[in-house]
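To keep things clear, I will list the structure first and then write my remarks on it.
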Amino acid sequence: MTPVLRNDAPPLVDLHCHVDLFPDPASIVLSLENRRVHTVAVTTAPSVFEHTKRLALGSRYLRAAVGLHPELVGSHGRELPRLLRALEDTRFVGEVGLDYSSGTKDVRSAQLRIFQEILTHCATYRNRVVTVHSRRAASDAIAAVGNGFPGRVVLHWFSGTKRELERALSYGLHFSINPAMISFASGRALAQAMPRERVLTESDGPFVRIGTRPAGPLDVARVVDWLASLWGTTPAEAARVIEANFDRLLAT
Ligand code: MN
């Protein structure tokens, strides 16, 4: 039997990983180079973007994204101008969006105002790739993006309804699927309703866990394996579909 060389495997894609929140980000970056995992390193506040930007210097696989997590709008909302300036430096934006799982009406309206302002600024560049959080806020998040957004929007760990999914598809949005999502019947049902040309993979590490350890970018292989069985194809072919989808995000 001929051993399969690791480097023959098609590259993987992790569209949403909090690389800066791992204890040793440099070792994560090294693992991406070795396995070839195109990774978007999201950040949760504009003040930590510079650090992640430095991590991505000289890496062929890591892209730094500037973000402002909706749950940090209260503590870091005043950093919004910094995010808007950083849009000059990167095509990747996230983690941004809405989270209605807790918080008052005032907090939600502040989240929505900030998210809308970020989207408005991204739209002027026409090619920004935005990874969006929408927990319990799918309808508002999709409506804020709107139909025909000039750029690319990827709904990360989508957990809305089928109807919301249909609307997001009709607006041209994409989805990134992580290992936690496919461990629940609800997440699997949503993934089954997504056309394969709109699907990307993500780890959402270190928040998503595999057993007792945090998920890392290489764990997107688990999602690829699952998608391969869903699509009735091989893991290598599923990985090529995801890579082509990623290439198209960047082709705008
Ligand atoms: Mn995240």
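Here, A, B, ... name the chains of the structure tokens in the order displayed, residue numbers run from 1 inside each chain, and ligands are numbered from 1 in the same displayed order.
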Tell me which protein, DNA and RNA residues are within 12 Å of Asp204 of chain A, counting only C-alpha atoms, leaving out same-chain ones fewer than 4 positions away, and put them as a PyMOL selection string. chain A and resi 13-22+39-43+94-95+131-133+156-157+176-181+208-210+214-220
Skipping near chain neighbours, those fewer than 3 positions away, what residues fall within 6 Å of Val129 of chain A using only C-alpha atoms, listed as a ChimeraX atom specification? /A:91-92,152-153
Identify which of the residues A:Glu88, A:Glu243, A:Glu79, A:Glu202 lies closest to ligand 1, counting only C-alpha atoms and all ligand atoms when measuring atom-to-atom distances.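 Ranked by minimum distance to ligand 1, first place goes to A:Glu202.
Excluding Ala123 of chain A itself and same-chain residues fewer than 2 positions from it, the residues having an atom within 12 Å of it are Leu84, Leu87, Arg91, Val93, Gln116, Glu117, Ile118, Leu119, Thr120, His121, Tyr125, Arg126, Asn127, Arg128, Val129, Val130, Val145, Gly146, Gly148, Phe149, Pro150, Gly151, Arg152 and Val153 of chain A, counting only C-alpha atoms.
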Per-residue DSSP, segment 35-240 of chain A, filtered to helix (DSSP H, G or I), as a count of residues only: 102
Give me, as a PyMOL selection string, all polymer residues having an atom no more than 8 Å from Arg198 of chain A, counting only C-alpha atoms and skipping those fewer than 6 positions away in the same chain. chain A and resi 173-175+245
Written selection (all heavy atoms) as a PDB file, in the first residue's frame:
```pdb
ATOM      1  N   LEU A 173     -25.497  35.486   0.967  1.00  0.00           N
ATOM      2  CA  LEU A 173     -24.563  35.293   2.081  1.00  0.00           C
ATOM      3  C   LEU A 173     -24.011  33.855   2.111  1.00  0.00           C
ATOM      4  O   LEU A 173     -24.600  32.936   1.554  1.00  0.00           O
ATOM      5  CB  LEU A 173     -25.247  35.619   3.416  1.00  0.00           C
ATOM      6  CG  LEU A 173     -26.002  36.951   3.502  1.00  0.00           C
ATOM      7  CD1 LEU A 173     -26.323  37.301   4.945  1.00  0.00           C
ATOM      8  CD2 LEU A 173     -25.231  38.089   2.848  1.00  0.00           C
ATOM      9  N   HIS A 174     -22.895  33.716   2.816  1.00  0.00           N
ATOM     10  CA  HIS A 174     -22.231  32.427   2.993  1.00  0.00           C
ATOM     11  C   HIS A 174     -22.329  31.993   4.457  1.00  0.00           C
ATOM     12  O   HIS A 174     -22.714  32.779   5.323  1.00  0.00           O
ATOM     13  CB  HIS A 174     -20.757  32.535   2.593  1.00  0.00           C
ATOM     14  CG  HIS A 174     -20.561  32.783   1.124  1.00  0.00           C
ATOM     15  ND1 HIS A 174     -20.875  33.987   0.531  1.00  0.00           N
ATOM     16  CD2 HIS A 174     -20.088  31.985   0.143  1.00  0.00           C
ATOM     17  CE1 HIS A 174     -20.599  33.913  -0.762  1.00  0.00           C
ATOM     18  NE2 HIS A 174     -20.120  32.713  -1.030  1.00  0.00           N
ATOM     19  N   PHE A 175     -21.900  30.748   4.711  1.00  0.00           N
ATOM     20  CA  PHE A 175     -21.964  30.193   6.065  1.00  0.00           C
ATOM     21  C   PHE A 175     -20.659  29.470   6.381  1.00  0.00           C
ATOM     22  O   PHE A 175     -20.118  28.787   5.511  1.00  0.00           O
ATOM     23  CB  PHE A 175     -23.109  29.181   6.179  1.00  0.00           C
ATOM     24  CG  PHE A 175     -24.459  29.791   5.904  1.00  0.00           C
ATOM     25  CD1 PHE A 175     -24.944  29.851   4.608  1.00  0.00           C
ATOM     26  CD2 PHE A 175     -25.209  30.331   6.932  1.00  0.00           C
ATOM     27  CE1 PHE A 175     -26.174  30.441   4.339  1.00  0.00           C
ATOM     28  CE2 PHE A 175     -26.436  30.921   6.673  1.00  0.00           C
ATOM     29  CZ  PHE A 175     -26.919  30.980   5.370  1.00  0.00           C
ATOM     30  N   ASN A 245     -14.554  27.750  -2.755  1.00  0.00           N
ATOM     31  CA  ASN A 245     -15.458  28.758  -2.187  1.00  0.00           C
ATOM     32  C   ASN A 245     -14.660  29.890  -1.554  1.00  0.00           C
ATOM     33  O   ASN A 245     -15.006  31.079  -1.689  1.00  0.00           O
ATOM     34  CB  ASN A 245     -16.392  28.125  -1.154  1.00  0.00           C
ATOM     35  CG  ASN A 245     -17.365  27.133  -1.770  1.00  0.00           C
ATOM     36  OD1 ASN A 245     -17.528  27.105  -2.989  1.00  0.00           O
ATOM     37  ND2 ASN A 245     -18.006  26.328  -0.926  1.00  0.00           N
TER      38      ASN A 245
END
```
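If you look at atom CA of Ala138 of chain A and atom CA of His69 of chain A, they are 15.2 Å away from each other.
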What are the DSSP strand (DSSP E or B) residues of segment 2-60 of chain A, as a list in words? Leu12, Val13, Asp14, Leu15, His16, Cys17, Val37, His38, Thr39, Val40 and Ala41 of chain A
Counting only C-alpha atoms and all ligand atoms, the option among A:Arg167, A:Arg196, A:Arg240, A:Arg135 closest to ligand 1: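 Smallest separation from ligand 1 among the options: A:Arg135.
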Rounded to one decimal, what separation in Å do you get between atom CA of Ser27 of chain A and atom CA of Pro206 of chain A?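 Computing the Euclidean distance for atom CA of Ser27 of chain A and atom CA of Pro206 of chain A yields 13.8 Å.
The space separating atom CA of Arg163 of chain A from atom CA of Gln192 of chain A comes to 13.8 Å.
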